[in-house]
Amino acid sequence: MGNLPTSGVAPGRAPTGTPLLIVFAGLPGTGKSTLAREVASRRDAVWLRVDTAEAAMLKAGLPRSAETGLAAYIVVRDLAAEELRLGRSVVIDAVNGVEDARAMWRDLATESGASRYVVEVGCSDPVEHRKRVESRSAPTAPLPLPTWEEVRDREYLAWDEPVLSVDTVAPTDEVLRRILSLLPPKEGD
């Protein structure tokens, strides 16, 4: 399990005033959104969910498709770029299961001068993971929740760069402490 930022910045260090791009990745039901929301809150960062962007497209009457899924990533990327240009840190919440999505965040960090950190969220207990998937309520209606079979069969490639991997079988507070210890201190701390 890597414990390295992915932008060449040492753990816990980023140039003063440099915004952070904190990218959460992992399959649905692993606890990614719970962690991303809490990290955004504690870091006073903007929290951007790809599911929220796609749900907005469905609310506007667009049919769900591969195109709306891709467009949601692009919308979130463009919103993140605006926030980073303003010097605000951003937390991205998305599956990020394939290289094209991951490259988008690498490129954004380079273009914006942000320090990028990747947190891969997993749940090593398949029984617990399935229970989470099957018991969730839809936070982004009308975007449907995936079934366990869809989650299990979803394409999710191994990372080819160092990332912080966390297992949400551990208590949430413990996982949050681990994530926050990777990030540089907030200004004024």
# chains A, B, ... in the order shown; residues from 1 in each chain; ligands from 1
$ residues_around --residues "stretch 85-101 of chain A" --least-positions-apart "4" --cutoff "9 Å" --atoms "only C-alpha atoms" --output "PyMOL selection string"
chain A and resi 17-28+32-33+36-37+39-40+43-51+70+73+76-77+80-81+105+112-114+154-159
$ write_last_selection --atoms "C-alpha atoms" --output "PDB file, in the first residue's frame"
ATOM      1  CA  GLY A  17      -0.305  28.460  -0.919  1.00  0.00           C
ATOM      2  CA  THR A  18      -0.420  25.587  -3.404  1.00  0.00           C
ATOM      3  CA  PRO A  19      -3.942  24.191  -3.775  1.00  0.00           C
ATOM      4  CA  LEU A  20      -4.412  20.462  -3.334  1.00  0.00           C
ATOM      5  CA  LEU A  21      -6.184  18.176  -5.774  1.00  0.00           C
ATOM      6  CA  ILE A  22      -7.228  15.195  -3.673  1.00  0.00           C
ATOM      7  CA  VAL A  23      -8.573  12.418  -5.893  1.00  0.00           C
ATOM      8  CA  PHE A  24     -10.634   9.637  -4.329  1.00  0.00           C
ATOM      9  CA  ALA A  25     -11.031   6.433  -6.317  1.00  0.00           C
ATOM     10  CA  GLY A  26     -12.680   3.085  -5.726  1.00  0.00           C
ATOM     11  CA  LEU A  27     -15.668   0.947  -6.509  1.00  0.00           C
ATOM     12  CA  PRO A  28     -19.174   1.970  -5.411  1.00  0.00           C
ATOM     13  CA  LYS A  32     -15.375   6.684  -0.913  1.00  0.00           C
ATOM     14  CA  SER A  33     -17.986   9.454  -0.675  1.00  0.00           C
ATOM     15  CA  ALA A  36     -14.174  12.373   0.498  1.00  0.00           C
ATOM     16  CA  ARG A  37     -16.923  14.510   2.070  1.00  0.00           C
ATOM     17  CA  VAL A  39     -11.754  15.234   4.046  1.00  0.00           C
ATOM     18  CA  ALA A  40     -13.246  18.155   2.079  1.00  0.00           C
ATOM     19  CA  ARG A  43      -9.625  20.785   4.683  1.00  0.00           C
ATOM     20  CA  ASP A  44     -12.158  23.483   3.756  1.00  0.00           C
ATOM     21  CA  ALA A  45     -11.942  22.175   0.183  1.00  0.00           C
ATOM     22  CA  VAL A  46     -14.514  21.983  -2.593  1.00  0.00           C
ATOM     23  CA  TRP A  47     -16.060  18.480  -2.804  1.00  0.00           C
ATOM     24  CA  LEU A  48     -16.996  17.463  -6.367  1.00  0.00           C
ATOM     25  CA  ARG A  49     -18.834  14.192  -7.096  1.00  0.00           C
ATOM     26  CA  VAL A  50     -19.056  12.775 -10.603  1.00  0.00           C
ATOM     27  CA  ASP A  51     -22.347  11.074  -9.636  1.00  0.00           C
ATOM     28  CA  LEU A  70     -18.019  10.715 -19.637  1.00  0.00           C
ATOM     29  CA  TYR A  73     -16.195  13.490 -15.500  1.00  0.00           C
ATOM     30  CA  VAL A  76     -16.294  17.894 -12.702  1.00  0.00           C
ATOM     31  CA  ARG A  77     -12.836  18.354 -14.198  1.00  0.00           C
ATOM     32  CA  ALA A  80     -12.245  21.650 -10.407  1.00  0.00           C
ATOM     33  CA  ALA A  81     -10.017  23.638 -12.800  1.00  0.00           C
ATOM     34  CA  TRP A 105      -6.568  14.390 -12.900  1.00  0.00           C
ATOM     35  CA  SER A 112      -3.130  24.151 -12.499  1.00  0.00           C
ATOM     36  CA  GLY A 113       0.054  23.758 -10.474  1.00  0.00           C
ATOM     37  CA  ALA A 114      -1.871  21.856  -7.784  1.00  0.00           C
ATOM     38  CA  ARG A 154     -17.177  -3.183 -13.191  1.00  0.00           C
ATOM     39  CA  GLU A 155     -13.884  -2.450 -14.893  1.00  0.00           C
ATOM     40  CA  TYR A 156     -11.377  -1.245 -12.327  1.00  0.00           C
ATOM     41  CA  LEU A 157      -7.705  -1.364 -13.253  1.00  0.00           C
ATOM     42  CA  ALA A 158      -4.761  -1.551 -10.878  1.00  0.00           C
ATOM     43  CA  TRP A 159      -2.938   1.744 -10.411  1.00  0.00           C
TER      44      TRP A 159
END
$ closest_residue --among "A:Leu183, A:Leu62, A:Thr30, A:Ala55" --to "A:Pro139" --atoms "only C-alpha atoms"
A:Ala55
$ residues_around --residues "A:Thr147" --least-positions-apart "5" --cutoff "9 Å" --atoms "only C-alpha atoms" --output "PyMOL selection string"
chain A and resi 133-134+152
$ write_last_selection --atoms "C-alpha atoms" --output "short mmCIF file (atom, residue, chain, number, x, y, z; two decimals), in the first residue's frame"
data_model
loop_
_atom_site.label_atom_id
_atom_site.label_comp_id
_atom_site.auth_asym_id
_atom_site.auth_seq_id
_atom_site.Cartn_x
_atom_site.Cartn_y
_atom_site.Cartn_z
CA VAL A 133 -23.94 -1.84 -1.92
CA GLU A 134 -27.31 -3.51 -1.37
CA ARG A 152 -18.44 -6.80 -8.93
#
$ atom_distance --atom1 "atom CA of A:Glu150" --atom2 "atom CA of A:His129"
12.8 Å
$ atom_distance --atom1 "atom CA of A:Glu111" --atom2 "atom CA of A:Leu180"
24.4 Å
$ select_by_dssp --residues "stretch 3-121 of chain A" --states "alpha helix (DSSP H)" --output "VMD selection string"
chain A and resid 32 to 43 50 to 59 66 to 85 99 to 112
$ residues_around --residues "A:Ala170" --least-positions-apart "2" --cutoff "12 Å" --atoms "only C-alpha atoms" --output "list in words"
Thr30, Gly31, Val121, Gly122, Cys123, Ser124, Asp125, Glu128, Val166, Asp167, Thr168, Thr172, Asp173, Glu174, Val175, Leu176, Arg177 and Arg178 of chain A
$ write_last_selection --atoms "C-alpha atoms" --output "PDB file, in the first residue's frame"
ATOM      1  CA  THR A  30     -16.467   1.130  -0.475  1.00  0.00           C
ATOM      2  CA  GLY A  31     -17.039   4.321   1.544  1.00  0.00           C
ATOM      3  CA  VAL A 121     -10.660   3.295  -1.213  1.00  0.00           C
ATOM      4  CA  GLY A 122     -11.406  -0.403  -0.963  1.00  0.00           C
ATOM      5  CA  CYS A 123     -13.345  -2.805   1.219  1.00  0.00           C
ATOM      6  CA  SER A 124     -11.443  -6.071   1.614  1.00  0.00           C
ATOM      7  CA  ASP A 125     -14.430  -7.949   3.065  1.00  0.00           C
ATOM      8  CA  GLU A 128     -19.443  -6.342   4.012  1.00  0.00           C
ATOM      9  CA  VAL A 166      -7.116   2.486   2.467  1.00  0.00           C
ATOM     10  CA  ASP A 167      -9.395  -0.346   3.562  1.00  0.00           C
ATOM     11  CA  THR A 168     -12.733   0.733   4.989  1.00  0.00           C
ATOM     12  CA  THR A 172     -13.768   5.390   9.657  1.00  0.00           C
ATOM     13  CA  ASP A 173     -11.922   7.631  12.153  1.00  0.00           C
ATOM     14  CA  GLU A 174      -8.777   5.531  11.783  1.00  0.00           C
ATOM     15  CA  VAL A 175      -8.962   5.671   7.977  1.00  0.00           C
ATOM     16  CA  LEU A 176      -9.536   9.450   8.060  1.00  0.00           C
ATOM     17  CA  ARG A 177      -6.523   9.960  10.339  1.00  0.00           C
ATOM     18  CA  ARG A 178      -4.388   7.999   7.893  1.00  0.00           C
TER      19      ARG A 178
END
$ atom_distance --atom1 "atom CA of A:Arg102" --atom2 "atom CA of A:Leu164"
14.3 Å
$ closest_residue --among "A:Pro63, A:Pro144, A:Tyr117, A:Glu161" --to "A:Ser181" --atoms "only C-alpha atoms"
A:Tyr117
$ select_by_dssp --residues "chain A" --states "strand (DSSP E or B)" --output "list of chain:residue names"
A:Gly2, A:Leu20, A:Leu21, A:Ile22, A:Val23, A:Phe24, A:Ala25, A:Val46, A:Trp47, A:Leu48, A:Arg49, A:Val90, A:Val91, A:Ile92, A:Asp93, A:Ser115, A:Arg116, A:Tyr117, A:Val118, A:Val119, A:Glu120, A:Val121, A:Gly122, A:Leu164, A:Ser165, A:Val166, A:Asp167
$ write_last_selection --atoms "C-alpha atoms" --output "PDB file, in the first residue's frame"
ATOM      1  CA  GLY A   2       1.563   3.229  -1.130  1.00  0.00           C
ATOM      2  CA  LEU A  20      -4.412  20.462  -3.334  1.00  0.00           C
ATOM      3  CA  LEU A  21      -6.184  18.176  -5.774  1.00  0.00           C
ATOM      4  CA  ILE A  22      -7.228  15.195  -3.673  1.00  0.00           C
ATOM      5  CA  VAL A  23      -8.573  12.418  -5.893  1.00  0.00           C
ATOM      6  CA  PHE A  24     -10.634   9.637  -4.329  1.00  0.00           C
ATOM      7  CA  ALA A  25     -11.031   6.433  -6.317  1.00  0.00           C
ATOM      8  CA  VAL A  46     -14.514  21.983  -2.593  1.00  0.00           C
ATOM      9  CA  TRP A  47     -16.060  18.480  -2.804  1.00  0.00           C
ATOM     10  CA  LEU A  48     -16.996  17.463  -6.367  1.00  0.00           C
ATOM     11  CA  ARG A  49     -18.834  14.192  -7.096  1.00  0.00           C
ATOM     12  CA  VAL A  90     -10.553  20.351  -4.449  1.00  0.00           C
ATOM     13  CA  VAL A  91     -11.611  16.838  -3.482  1.00  0.00           C
ATOM     14  CA  ILE A  92     -12.692  14.639  -6.412  1.00  0.00           C
ATOM     15  CA  ASP A  93     -15.110  11.785  -5.675  1.00  0.00           C
ATOM     16  CA  SER A 115      -0.311  19.180  -5.607  1.00  0.00           C
ATOM     17  CA  ARG A 116      -2.150  15.923  -6.406  1.00  0.00           C
ATOM     18  CA  TYR A 117      -2.847  13.184  -3.895  1.00  0.00           C
ATOM     19  CA  VAL A 118      -4.697   9.970  -4.772  1.00  0.00           C
ATOM     20  CA  VAL A 119      -6.629   7.939  -2.216  1.00  0.00           C
ATOM     21  CA  GLU A 120      -7.806   4.534  -3.390  1.00  0.00           C
ATOM     22  CA  VAL A 121     -10.660   3.295  -1.213  1.00  0.00           C
ATOM     23  CA  GLY A 122     -11.406  -0.403  -0.963  1.00  0.00           C
ATOM     24  CA  LEU A 164      -2.563   5.792  -0.716  1.00  0.00           C
ATOM     25  CA  SER A 165      -4.704   2.653  -0.446  1.00  0.00           C
ATOM     26  CA  VAL A 166      -7.116   2.486   2.467  1.00  0.00           C
ATOM     27  CA  ASP A 167      -9.395  -0.346   3.562  1.00  0.00           C
TER      28      ASP A 167
END
